[in-house]
file model-v5.cif (mmCIF, C-alpha atoms (C1' of nucleotides))
data_my_file
#
loop_
_atom_site.label_atom_id
_atom_site.label_comp_id
_atom_site.auth_asym_id
_atom_site.auth_seq_id
_atom_site.Cartn_x
_atom_site.Cartn_y
_atom_site.Cartn_z
CA MET A 1 -22.33 5.84 -15.41
CA SER A 2 -24.44 8.51 -13.68
CA GLN A 3 -23.00 10.38 -10.71
CA ALA A 4 -25.58 8.87 -8.32
CA LYS A 5 -24.97 5.36 -9.55
CA PHE A 6 -21.26 5.94 -9.35
CA LEU A 7 -21.43 7.19 -5.77
CA SER A 8 -23.66 4.33 -4.71
CA LYS A 9 -21.10 1.94 -6.13
CA ILE A 10 -18.38 3.58 -4.06
CA VAL A 11 -20.49 3.35 -0.92
CA SER A 12 -21.49 -0.23 -1.56
CA THR A 13 -17.95 -1.36 -2.24
CA HIS A 14 -16.12 0.77 0.30
CA CYS A 15 -16.20 -1.43 3.34
CA ARG A 16 -13.30 -2.67 5.39
CA ARG A 17 -12.35 -6.23 6.02
CA SER A 18 -13.74 -7.36 9.35
CA ARG A 19 -11.27 -7.17 12.21
CA THR A 20 -9.17 -10.24 12.83
CA LYS A 21 -9.27 -11.41 16.40
CA PHE A 22 -6.13 -13.31 17.33
CA THR A 23 -6.37 -15.85 20.13
CA GLU A 24 -3.93 -15.91 23.02
CA ASP A 25 -2.07 -18.83 21.49
CA GLN A 26 -1.84 -17.11 18.13
CA MET A 27 -0.51 -13.97 19.81
CA LYS A 28 2.16 -15.97 21.65
CA ILE A 29 3.40 -17.39 18.37
CA LEU A 30 3.36 -13.99 16.67
CA ILE A 31 5.16 -12.23 19.52
CA ASN A 32 7.76 -14.95 19.69
CA ALA A 33 8.35 -14.65 15.94
CA PHE A 34 8.56 -10.88 16.21
CA GLU A 35 11.18 -11.09 18.92
CA GLN A 36 13.26 -13.37 16.72
CA ASN A 37 12.88 -11.19 13.63
CA PRO A 38 10.66 -8.10 13.26
CA TYR A 39 11.19 -8.17 9.48
CA PRO A 40 10.19 -11.65 8.36
CA GLY A 41 10.41 -12.59 4.71
CA TYR A 42 7.60 -14.08 2.69
CA ALA A 43 8.47 -17.69 3.54
CA THR A 44 8.42 -16.98 7.28
CA LYS A 45 5.14 -15.07 7.06
CA GLN A 46 3.63 -17.89 5.04
CA LYS A 47 4.82 -20.44 7.57
CA LEU A 48 3.38 -18.39 10.42
CA ALA A 49 0.11 -18.03 8.56
CA LEU A 50 -0.14 -21.79 8.22
CA GLU A 51 0.83 -22.31 11.83
CA ILE A 52 -1.84 -20.04 13.26
CA ASN A 53 -4.34 -20.67 10.50
CA THR A 54 -4.72 -17.21 9.06
CA GLU A 55 -3.79 -15.39 5.87
CA GLU A 56 -0.26 -14.24 5.13
CA SER A 57 -1.55 -10.72 4.56
CA ARG A 58 -2.89 -10.62 8.15
CA ILE A 59 0.59 -11.57 9.38
CA GLN A 60 2.06 -8.76 7.31
CA VAL A 61 -0.31 -6.18 8.79
CA TRP A 62 0.28 -7.48 12.28
CA PHE A 63 4.05 -7.08 11.89
CA GLN A 64 3.60 -3.59 10.44
CA ASN A 65 1.50 -2.49 13.39
CA ARG A 66 3.76 -4.22 15.87
CA ARG A 67 6.87 -2.53 14.49
CA ALA A 68 5.15 0.86 14.54
CA ARG A 69 3.88 0.52 18.10
CA HIS A 70 6.42 -1.53 19.94
CA GLN A 71 9.82 -1.27 18.36
CA LEU A 72 9.95 2.53 18.25
CA GLN A 73 8.56 2.63 21.77
CA LYS A 74 11.35 0.34 22.89
CA ARG A 75 14.04 2.18 20.91
CA PRO A 76 12.94 5.79 20.41
CA ASP A 77 16.47 6.59 19.20
CA LEU A 78 15.64 4.91 15.91
CA GLY A 79 13.05 7.45 14.99
CA LYS A 80 14.16 10.63 16.72
CA THR A 81 17.68 11.13 17.93
CA LEU A 82 19.79 9.21 15.42
CA GLU A 83 21.72 11.33 12.97
CA SER A 84 20.45 10.79 9.45
CA SER A 85 23.69 9.05 8.44
CA GLN A 86 23.39 6.64 11.37
CA ARG A 87 19.75 5.99 10.49
CA HIS A 88 20.79 5.31 6.93
CA ASP A 89 23.41 2.81 8.13
CA HIS A 90 20.85 1.12 10.33
CA LEU A 91 18.34 0.78 7.49
CA GLU A 92 21.05 -0.48 5.16
CA GLU A 93 22.03 -3.10 7.71
CA GLN A 94 18.39 -4.18 8.00
CA THR A 95 17.99 -4.37 4.24
CA GLN A 96 21.09 -6.53 3.91
CA SER A 97 19.99 -9.04 6.51
CA ARG A 98 16.39 -9.17 5.32
CA GLU A 99 14.82 -12.43 4.16
CA PRO A 100 13.65 -12.71 0.55
CA ARG A 101 10.44 -11.04 -0.56
CA ARG A 102 7.47 -12.69 -2.16
CA CYS A 103 8.07 -13.49 -5.83
CA ARG A 104 6.99 -10.67 -8.05
CA THR A 105 3.52 -11.23 -9.49
CA SER A 106 3.41 -10.96 -13.23
CA TYR A 107 -0.02 -9.90 -14.47
CA THR A 108 -1.34 -10.93 -17.85
CA CYS A 109 -2.79 -8.35 -20.23
CA SER A 110 -6.30 -9.48 -19.49
CA GLN A 111 -5.74 -9.31 -15.72
CA LEU A 112 -4.33 -5.79 -16.09
CA HIS A 113 -7.24 -4.80 -18.27
CA THR A 114 -9.70 -5.91 -15.58
CA LEU A 115 -7.76 -4.11 -12.85
CA ILE A 116 -7.50 -0.87 -14.81
CA GLU A 117 -11.19 -0.90 -15.68
CA ALA A 118 -12.00 -1.41 -12.01
CA PHE A 119 -9.63 1.36 -10.99
CA MET A 120 -11.28 3.80 -13.36
CA THR A 121 -14.62 3.00 -11.78
CA ASN A 122 -13.37 3.22 -8.21
CA PRO A 123 -9.75 3.68 -7.09
CA TYR A 124 -10.71 2.91 -3.47
CA PRO A 125 -12.45 -0.46 -3.59
CA GLY A 126 -13.67 -1.98 -0.35
CA PHE A 127 -12.80 -5.44 0.85
CA HIS A 128 -15.69 -7.27 -0.83
CA PHE A 129 -15.06 -5.66 -4.18
CA ARG A 130 -11.35 -6.43 -3.95
CA GLU A 131 -12.14 -10.02 -3.15
CA GLN A 132 -14.55 -10.27 -6.04
CA LEU A 133 -11.95 -8.79 -8.34
CA ALA A 134 -9.27 -11.12 -7.01
CA LYS A 135 -11.49 -14.11 -7.69
CA GLU A 136 -12.21 -12.85 -11.17
CA ILE A 137 -8.55 -12.54 -12.16
CA GLY A 138 -7.31 -15.44 -10.06
CA VAL A 139 -4.90 -13.76 -7.64
CA PRO A 140 -5.00 -13.32 -3.84
CA GLU A 141 -6.95 -10.34 -2.55
CA SER A 142 -3.78 -8.93 -0.98
CA ARG A 143 -2.24 -8.65 -4.47
CA VAL A 144 -5.25 -6.62 -5.63
CA GLN A 145 -4.86 -4.34 -2.63
CA THR A 146 -1.17 -3.79 -3.39
CA TRP A 147 -1.93 -3.17 -7.04
CA PHE A 148 -4.48 -0.47 -6.16
CA GLN A 149 -2.02 1.14 -3.73
CA ASN A 150 0.68 1.31 -6.36
CA ARG A 151 -1.77 2.53 -8.98
CA ARG A 152 -2.94 5.39 -6.76
CA ASN A 153 0.69 6.33 -6.16
CA LYS A 154 1.27 6.37 -9.85
CA LEU A 155 -1.78 8.54 -10.41
CA HIS A 156 -0.72 11.04 -7.76
CA ALA A 157 2.81 11.21 -9.13
CA TRP A 158 1.46 11.66 -12.62
CA ARG A 159 -0.89 14.44 -11.56
CA LYS A 160 1.90 16.24 -9.71
CA ARG A 161 4.09 16.07 -12.79
CA GLU A 162 1.26 17.31 -15.01
CA LEU A 163 0.66 20.22 -12.69
CA ARG A 164 4.34 21.15 -12.59
CA GLU A 165 4.70 20.92 -16.34
CA SER A 166 1.61 22.95 -17.02
CA LEU A 167 2.77 25.61 -14.58
CA GLU A 168 6.11 25.75 -16.30
CA GLN A 169 4.44 26.04 -19.71
CA ASP A 170 1.88 28.61 -18.76
CA GLN A 171 4.28 30.65 -16.63
CA GLY A 172 1.83 31.71 -14.03
CA GLN A 173 -1.33 31.61 -16.09
CA ASP A 174 -4.50 30.40 -14.44
CA MET A 175 -3.50 27.05 -12.92
CA ILE A 176 -6.83 25.33 -13.45
CA GLN A 177 -7.01 26.43 -17.03
CA GLY A 178 -3.49 25.18 -17.45
CA ILE A 179 -4.24 21.59 -16.46
CA GLN A 180 -7.48 21.32 -18.39
CA GLY A 181 -5.67 20.36 -21.56
CA THR A 182 -6.80 17.23 -23.30
CA GLN A 183 -4.69 14.29 -24.20
CA ASN A 184 -5.96 11.61 -26.55
CA GLY A 185 -9.53 12.73 -26.02
CA THR A 186 -9.43 12.35 -22.23
CA ASN A 187 -9.95 15.37 -20.00
CA PHE A 188 -7.62 15.76 -17.05
CA THR A 189 -8.91 18.48 -14.78
CA SER A 190 -7.85 19.28 -11.24
CA ASN A 191 -11.11 17.88 -9.87
CA SER A 192 -11.76 15.05 -12.29
CA TYR A 193 -9.87 12.54 -10.23
CA PHE A 194 -11.38 9.47 -11.81
CA SER A 195 -11.02 10.46 -15.40
CA GLY A 196 -7.43 11.19 -14.48
CA ALA A 197 -7.10 7.53 -13.57
CA ARG A 198 -6.76 6.67 -17.23
CA ILE A 199 -2.99 6.37 -17.27
CA TRP A 200 -1.83 3.97 -19.89
CA THR A 201 1.79 2.95 -20.02
CA LYS A 202 3.39 2.31 -23.39
CA ARG A 203 3.44 -1.37 -22.54
CA GLN A 204 -0.24 -1.47 -21.63
CA ILE A 205 -1.23 0.39 -24.75
CA GLN A 206 0.63 -2.23 -26.72
CA CYS A 207 -1.05 -4.89 -24.66
CA ILE A 208 -4.69 -3.87 -24.90
"C1'" DT B 1 21.42 0.29 -18.66
"C1'" DT B 2 16.99 2.25 -18.21
"C1'" DC B 3 12.26 2.15 -17.20
"C1'" DC B 4 8.20 0.31 -15.22
"C1'" DT B 5 6.05 -1.48 -11.39
"C1'" DA B 6 5.24 -5.24 -7.67
"C1'" DA B 7 6.61 -5.60 -3.03
"C1'" DC B 8 7.31 -3.54 1.07
"C1'" DA B 9 8.70 0.13 4.41
"C1'" DT B 10 7.06 4.03 7.77
"C1'" DA B 11 3.84 7.33 9.65
"C1'" DA B 12 -0.62 8.82 10.30
"C1'" DT B 13 -5.22 7.83 10.77
"C1'" DC B 14 -9.65 5.35 11.00
"C1'" DA B 15 -12.60 2.41 13.51
"C1'" DA B 16 -14.19 -1.95 15.95
"C1'" DA B 17 -14.15 -4.05 20.25
"C1'" DA B 18 -12.94 -4.40 25.01
"C1'" DC B 19 -12.67 -1.96 29.23
"C1'" DG C 1 -15.31 7.96 27.06
"C1'" DT C 2 -10.76 5.82 26.73
"C1'" DT C 3 -7.60 2.40 25.26
"C1'" DT C 4 -6.02 -1.08 22.36
"C1'" DT C 5 -5.09 -2.75 18.04
"C1'" DG C 6 -6.43 -4.45 13.24
"C1'" DA C 7 -7.21 -2.11 8.72
"C1'" DT C 8 -6.24 1.40 5.48
"C1'" DT C 9 -4.15 5.37 3.57
"C1'" DA C 10 -0.21 8.42 1.52
"C1'" DT C 11 4.33 8.49 0.42
"C1'" DG C 12 8.78 6.79 -0.39
"C1'" DT C 13 12.20 2.96 -1.34
"C1'" DT C 14 13.82 -1.54 -3.09
"C1'" DA C 15 14.34 -4.78 -6.48
"C1'" DG C 16 12.74 -8.01 -10.49
"C1'" DG C 17 12.18 -8.22 -15.24
"C1'" DA C 18 11.27 -6.54 -19.94
"C1'" DA C 19 12.87 -3.55 -23.60
#

call {"tool": "encode", "arguments": {"input": "model-v5.cif", "output": "structure tokens"}}
result
Amino acid sequence: MSQAKFLSKIVSTHCRRSRTKFTEDQMKILINAFEQNPYPGYATKQKLALEINTEESRIQVWFQNRRARHQLQKRPDLGKTLESSQRHDHLEEQTQSREPRRCRTSYTCSQLHTLIEAFMTNPYPGFHFREQLAKEIGVPESRVQTWFQNRRNKLHAWRKRELRESLEQDQGQDMIQGIQGTQNGTNFTSNSYFSGARIWTKRQIQCI
DNA sequence: TTCCTAACATAATCAAAAC
DNA sequence: GTTTTGATTATGTTAGGAA
């Protein structure tokens, strides 16, 4: 793919989901649920989504934003003045009382293949592209979003490790030169972000 | 048991819409 | 222009399941 075509694809696909506008009634239900439990499990979020006629992923984002903006405001001690051990205890307590998560999605080889191909083209897909992809592989759009998030994390972690290892090997030699080694015919340079996206796990290699 | 990775957390930031 | 708040990001943690 040419650079221009590639960039135009990024621009065309990099658009956000349109803002959700909750009604007063919806807000009442959400706030009430938040006051009962600011960390709802999947079943509760799903139930709320049905009740106010929206997607579960919108409920998740709403709770995230609400926790960030209201709970810390109400209890600044949580974020600032608690000793780290106390904070740890608090988080542990929360984790123990937390409702169950969504069941783990298990992707098939062909679904993974589609996702990886898409990631290599554009690791930051916009809402429409994610939706299109979700339709193609038959999962909710929110799962595609989570998959891309995790994949980017993996890429960043992998690149950090590569950099560290190459620095160790080269012992202070030119850093850029150090990470321009090739592996299985793929170049991984410090500025070739997208070619670096080709991270295949042992399992995926077996799969594809 | 270990490893991989989906799910989910916070914190920071972007950006649309209301004022 | 400012404020509010939904959407998205990076980064880190938790936990399910395959090897």

call {"tool": "closest_atom_pairs", "arguments": {"input": "model-v5.cif", "of": "chain C", "to": "chain A", "cutoff": "7 Å", "atoms": "only C-alpha atoms (C1' of nucleotides)", "output": "JSON lines"}}
result
{"residue": "C:DG6", "atom": "C1'", "partner": "A:Arg19", "partner_atom": "CA", "distance": 5.6}
{"residue": "C:DA7", "atom": "C1'", "partner": "A:Arg16", "partner_atom": "CA", "distance": 7.0}
{"residue": "C:DG16", "atom": "C1'", "partner": "A:Arg104", "partner_atom": "CA", "distance": 6.8}

call {"tool": "residues_around", "arguments": {"input": "model-v5.cif", "residues": "Gln46 (chain A)", "least_positions_apart": "2", "cutoff": "12 Å", "atoms": "all atoms listed in the file", "output": "PyMOL selection string"}}
result
chain A and resi 40-44+48-60+101-102

call {"tool": "closest_residue", "arguments": {"input": "model-v5.cif", "among": "B:DT13, B:DT2, B:DC8, B:DC19", "to": "chain A", "atoms": "all atoms listed in the file"}}
result
B:DC8

call {"tool": "resolve_selection", "arguments": {"input": "model-v5.cif", "expression": "the PyMOL selection byres ((chain B and resi 3) around 10)", "output": "short mmCIF file (atom, residue, chain, number, x, y, z; two decimals) with C-alpha atoms (C1' of nucleotides), in the coordinates of the input"}}
result
data_model
loop_
_atom_site.label_atom_id
_atom_site.label_comp_id
_atom_site.auth_asym_id
_atom_site.auth_seq_id
_atom_site.Cartn_x
_atom_site.Cartn_y
_atom_site.Cartn_z
"C1'" DT B 1 21.42 0.29 -18.66
"C1'" DT B 2 16.99 2.25 -18.21
"C1'" DC B 4 8.20 0.31 -15.22
"C1'" DT B 5 6.05 -1.48 -11.39
"C1'" DA C 18 11.27 -6.54 -19.94
"C1'" DA C 19 12.87 -3.55 -23.60
#

call {"tool": "interface_residues", "arguments": {"input": "model-v5.cif", "of": "chain B", "to": "chain A", "cutoff": "8 Å", "atoms": "all atoms listed in the file", "output": "list in words"}}
result
DT5, DA6, DA7, DT10 and DA16 of chain B

call {"tool": "axis_aligned_box", "arguments": {"input": "model-v5.cif", "around": "region 5-12 of chain B", "padding_each_side": "3 Å", "output": "AutoDock Vina command-line options"}}
result
--center_x 4.0 --center_y 1.6 --center_z -0.5 --size_x 15.3 --size_y 20.4 --size_z 27.7

call {"tool": "atom_distance", "arguments": {"input": "model-v5.cif", "atom1": "CA of Ser110 (chain A)", "atom2": "CA of Phe129 (chain A)"}}
result
18.0 Å

call {"tool": "resolve_selection", "arguments": {"input": "model-v5.cif", "expression": "the PyMOL selection byres ((chain C and resi 3) around 12)", "output": "JSON, numbers by chain"}}
result
{"B": [17, 18, 19], "C": [1, 2, 4, 5]}

call {"tool": "atom_distance", "arguments": {"input": "model-v5.cif", "atom1": "C1' of DT13 (chain C)", "atom2": "CA of Arg161 (chain A)"}}
result
19.2 Å

call {"tool": "resolve_selection", "arguments": {"input": "model-v5.cif", "expression": "the PyMOL selection byres ((chain B and resi 12) around 9)", "output": "ChimeraX atom specification"}}
result
/B:11,13 /C:9-10

call {"tool": "atom_distance", "arguments": {"input": "model-v5.cif", "atom1": "CA of Tyr39 (chain A)", "atom2": "C1' of DT11 (chain C)"}}
result
20.2 Å
